[in-house]
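Engineer: Please see the structure below; I have some questions.
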Amino acid sequence: MPSTDTGRRRDPDRRARILDAAAELAAQRGFHSVGMAEIGAQAGIVGTGIYRHFDSKMAVLVAVLDLGMDRLARGAADIVSSAPDDRSALTALVRDHIEVAITERPMLAAYHREVHNLPEDDRRRLRRRQRHYLEDWVHVLGPLRRDLSDPELRVVVQAAIGAVQSTLFFRSGLPEDRLAALLDTMAHSCLGVEPASESPMTDW
């Protein structure tokens with residue numbers, strides 16, 4: 001016999017709304033200055049309702065940062081496994097990072113603002129995942145820049161990612177397509193590699 005207790009069913013989108021709200025507020029003001037009531041109000045629920053999904057405010061922050069790292073890692077894994085060559089893979093990595101920086105800006109900004117505030121185990125875990133993500137870039141850049149040593153490859157990759165992330169804490173007011181094109185040029189210039197012609201810019 002089907003249950004008629006519909007009042008206790010959870011809204012499947014509520015958890016996502018909580019994380020979106022927490023990311024937005026953390027990116028704007030810093031997570032530790034934000035209260036659970038504010039997160040709840042931003043998500044359209046009462047603050048105490050958050051505890052149905054998360055044990056603590058810190059658990060919310062960890063989930064936000066995990067979500068951001070999940071998105072980057074998933075995109076990189078798909079690109080590296082399917083790209084026809086290293087240049088195509090590198091261009092796709094650049095453009096995927098640009099897409100995240102533009103379309104999911106609060107989440108990525110929250111990561112960079114707050115990762116150092118996590119408990120040590122979570123911070124180390126996310127830093128390890130971040131290093132693995134950078135290794136995907138280094139792996140495809142290496143054959144294209146054989147003039148660079150391994151440490152130099154890592155410096156170049158960090159510079160390219162830093163160029164993309166320069167938009168996280170500065171609102172240029174540019175249309176998204178123009179901003180994406182500028183970031184694409186900057187990142188490829190840092191890498192010292194021409195973009196692959198078969199990897200068009202995403203139409204945001």
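Convention: chains lettered A, B, ... in structure tokens order; per-chain residue numbering from 1; ligands numbered from 1 as shown.
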Contacts of stretch 28-39 of chain A at 8 Å or less, counting only C-alpha atoms, minus same-chain residues fewer than 5 places along, as an NGL selection string?
Structural biologist: :A and (18 or 21-22 or 46-48 or 50 or 57 or 61 or 106 or 110 or 113-114)
Engineer: Could you find all residues in stretch 16-82 of chain A that DSSP calls alpha helix (DSSP H) from the backbone, and write them as a PyMOL selection string?
Structural biologist: chain A and resi 16-29+36-43+57-82
Engineer: Restricting the output to N, CA and C atoms, write the selected residues as a compact mmCIF listing (two decimals), in the first residue's frame.
Structural biologist:
# COMPACT_ATOMS: atom_id res chain seq x y z
N ALA A 16 20.42 21.31 -3.23
CA ALA A 16 21.12 22.10 -4.25
C ALA A 16 20.93 23.59 -4.02
N ARG A 17 19.70 23.99 -3.61
CA ARG A 17 19.45 25.40 -3.33
C ARG A 17 20.28 25.89 -2.15
N ILE A 18 20.41 25.05 -1.14
CA ILE A 18 21.22 25.41 0.02
C ILE A 18 22.67 25.64 -0.39
N LEU A 19 23.21 24.74 -1.21
CA LEU A 19 24.61 24.86 -1.63
C LEU A 19 24.81 26.08 -2.53
N ASP A 20 23.85 26.33 -3.42
CA ASP A 20 23.94 27.52 -4.27
C ASP A 20 23.93 28.79 -3.42
N ALA A 21 23.04 28.82 -2.44
CA ALA A 21 22.93 29.99 -1.57
C ALA A 21 24.20 30.18 -0.75
N ALA A 22 24.71 29.10 -0.20
CA ALA A 22 25.94 29.18 0.61
C ALA A 22 27.11 29.65 -0.24
N ALA A 23 27.22 29.15 -1.46
CA ALA A 23 28.32 29.56 -2.35
C ALA A 23 28.22 31.05 -2.67
N GLU A 24 27.02 31.50 -2.98
CA GLU A 24 26.82 32.92 -3.33
C GLU A 24 27.21 33.82 -2.16
N LEU A 25 26.76 33.50 -0.97
CA LEU A 25 27.04 34.32 0.20
C LEU A 25 28.51 34.24 0.58
N ALA A 26 29.10 33.05 0.48
CA ALA A 26 30.52 32.90 0.81
C ALA A 26 31.38 33.69 -0.16
N ALA A 27 31.02 33.68 -1.44
CA ALA A 27 31.79 34.42 -2.43
C ALA A 27 31.69 35.92 -2.20
N GLN A 28 30.53 36.37 -1.73
CA GLN A 28 30.30 37.80 -1.53
C GLN A 28 31.00 38.33 -0.27
N ARG A 29 30.89 37.58 0.84
CA ARG A 29 31.26 38.14 2.13
C ARG A 29 32.22 37.29 2.96
N MET A 36 23.44 30.69 9.38
CA MET A 36 22.57 29.67 8.78
C MET A 36 21.22 30.26 8.38
N ALA A 37 20.73 31.21 9.17
CA ALA A 37 19.45 31.83 8.82
C ALA A 37 19.54 32.55 7.48
N GLU A 38 20.69 33.20 7.24
CA GLU A 38 20.87 33.89 5.96
C GLU A 38 20.94 32.91 4.80
N ILE A 39 21.64 31.80 5.01
CA ILE A 39 21.71 30.78 3.96
C ILE A 39 20.31 30.24 3.68
N GLY A 40 19.57 29.97 4.75
CA GLY A 40 18.21 29.48 4.57
C GLY A 40 17.33 30.47 3.83
N ALA A 41 17.42 31.74 4.22
CA ALA A 41 16.61 32.76 3.55
C ALA A 41 16.95 32.86 2.06
N GLN A 42 18.24 32.79 1.75
CA GLN A 42 18.68 32.85 0.35
C GLN A 42 18.17 31.63 -0.42
N ALA A 43 18.10 30.49 0.27
CA ALA A 43 17.64 29.26 -0.38
C ALA A 43 16.12 29.12 -0.37
N LYS A 57 27.23 23.94 10.00
CA LYS A 57 27.58 24.97 9.01
C LYS A 57 28.85 24.58 8.27
N MET A 58 29.83 24.00 8.97
CA MET A 58 31.06 23.58 8.31
C MET A 58 30.78 22.49 7.28
N ALA A 59 29.83 21.62 7.57
CA ALA A 59 29.48 20.57 6.61
C ALA A 59 28.92 21.17 5.33
N VAL A 60 28.21 22.29 5.45
CA VAL A 60 27.71 22.99 4.26
C VAL A 60 28.89 23.49 3.43
N LEU A 61 29.86 24.12 4.08
CA LEU A 61 31.01 24.64 3.37
C LEU A 61 31.79 23.53 2.68
N VAL A 62 32.02 22.44 3.38
CA VAL A 62 32.74 21.31 2.78
C VAL A 62 32.00 20.81 1.55
N ALA A 63 30.68 20.72 1.63
CA ALA A 63 29.89 20.24 0.49
C ALA A 63 29.98 21.20 -0.69
N VAL A 64 29.98 22.50 -0.43
CA VAL A 64 30.11 23.49 -1.50
C VAL A 64 31.44 23.32 -2.22
N LEU A 65 32.51 23.20 -1.46
CA LEU A 65 33.84 23.09 -2.06
C LEU A 65 34.03 21.76 -2.77
N ASP A 66 33.46 20.70 -2.20
CA ASP A 66 33.51 19.40 -2.89
C ASP A 66 32.78 19.47 -4.22
N LEU A 67 31.66 20.17 -4.23
CA LEU A 67 30.88 20.29 -5.46
C LEU A 67 31.70 21.00 -6.54
N GLY A 68 32.40 22.06 -6.15
CA GLY A 68 33.23 22.76 -7.12
C GLY A 68 34.34 21.89 -7.66
N MET A 69 35.01 21.15 -6.77
CA MET A 69 36.10 20.29 -7.21
C MET A 69 35.58 19.13 -8.04
N ASP A 70 34.39 18.61 -7.68
CA ASP A 70 33.77 17.55 -8.47
C ASP A 70 33.55 18.01 -9.91
N ARG A 71 33.05 19.24 -10.04
CA ARG A 71 32.75 19.76 -11.39
C ARG A 71 34.02 19.86 -12.23
N LEU A 72 35.09 20.41 -11.67
CA LEU A 72 36.33 20.55 -12.42
C LEU A 72 36.94 19.19 -12.75
N ALA A 73 36.98 18.31 -11.77
CA ALA A 73 37.60 17.00 -11.97
C ALA A 73 36.82 16.18 -12.99
N ARG A 74 35.50 16.23 -12.93
CA ARG A 74 34.68 15.48 -13.88
C ARG A 74 34.90 15.99 -15.30
N GLY A 75 34.94 17.31 -15.45
CA GLY A 75 35.17 17.88 -16.77
C GLY A 75 36.52 17.49 -17.32
N ALA A 76 37.56 17.55 -16.48
CA ALA A 76 38.91 17.21 -16.93
C ALA A 76 39.00 15.74 -17.32
N ALA A 77 38.39 14.86 -16.52
CA ALA A 77 38.44 13.43 -16.82
C ALA A 77 37.77 13.13 -18.15
N ASP A 78 36.62 13.74 -18.40
CA ASP A 78 35.92 13.53 -19.67
C ASP A 78 36.75 14.03 -20.84
N ILE A 79 37.39 15.18 -20.67
CA ILE A 79 38.19 15.76 -21.75
C ILE A 79 39.40 14.90 -22.06
N VAL A 80 40.16 14.54 -21.04
CA VAL A 80 41.39 13.78 -21.25
C VAL A 80 41.10 12.42 -21.87
N SER A 81 39.97 11.82 -21.51
CA SER A 81 39.66 10.49 -22.02
C SER A 81 39.12 10.50 -23.45
N SER A 82 38.61 11.66 -23.90
CA SER A 82 37.94 11.68 -25.21
C SER A 82 38.61 12.56 -26.25
Engineer: Counting only C-alpha atoms, figure out which residue out of A:Met107, A:Val100, A:Ala89, A:Val193 gets nearest to A:Val140.
Structural biologist: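 Using only C-alpha atoms, the shortest distance to A:Val140 belongs to A:Ala89.
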Engineer: Using atom CA of A:Leu174 and atom CA of A:Gly192 as the two end points, give the distance in Å to one decimal.
Structural biologist: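 For atom CA of A:Leu174 relative to atom CA of A:Gly192, the distance reads 25.2 Å.
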Engineer: What separation in Å, quoted to one decimal, exists between atom CA of A:Arg146 and atom CA of A:Ala101?
Structural biologist: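 So the answer is 28.8 Å.
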Engineer: With distances taken over only C-alpha atoms, which residue among A:His116, A:Leu179, A:Leu191, A:Ala92 lies nearest A:Gly162?
Structural biologist: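 Among the listed residues, the smallest separation from A:Gly162 belongs to A:Leu191.
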Engineer: Please list as JSON, numbers by chain every residue within 10 Å of A:Met186, counting only C-alpha atoms and excluding residues in the same chain fewer than 3 positions away.
Structural biologist: {"A": [159, 160, 161, 162, 163, 164, 180, 181, 182, 183, 189, 190, 191, 192]}
Engineer: Calculate how many Å separate atom CA of A:Ala109 from atom CA of A:Asp150, rounding to one decimal.
Structural biologist: 28.1 Å
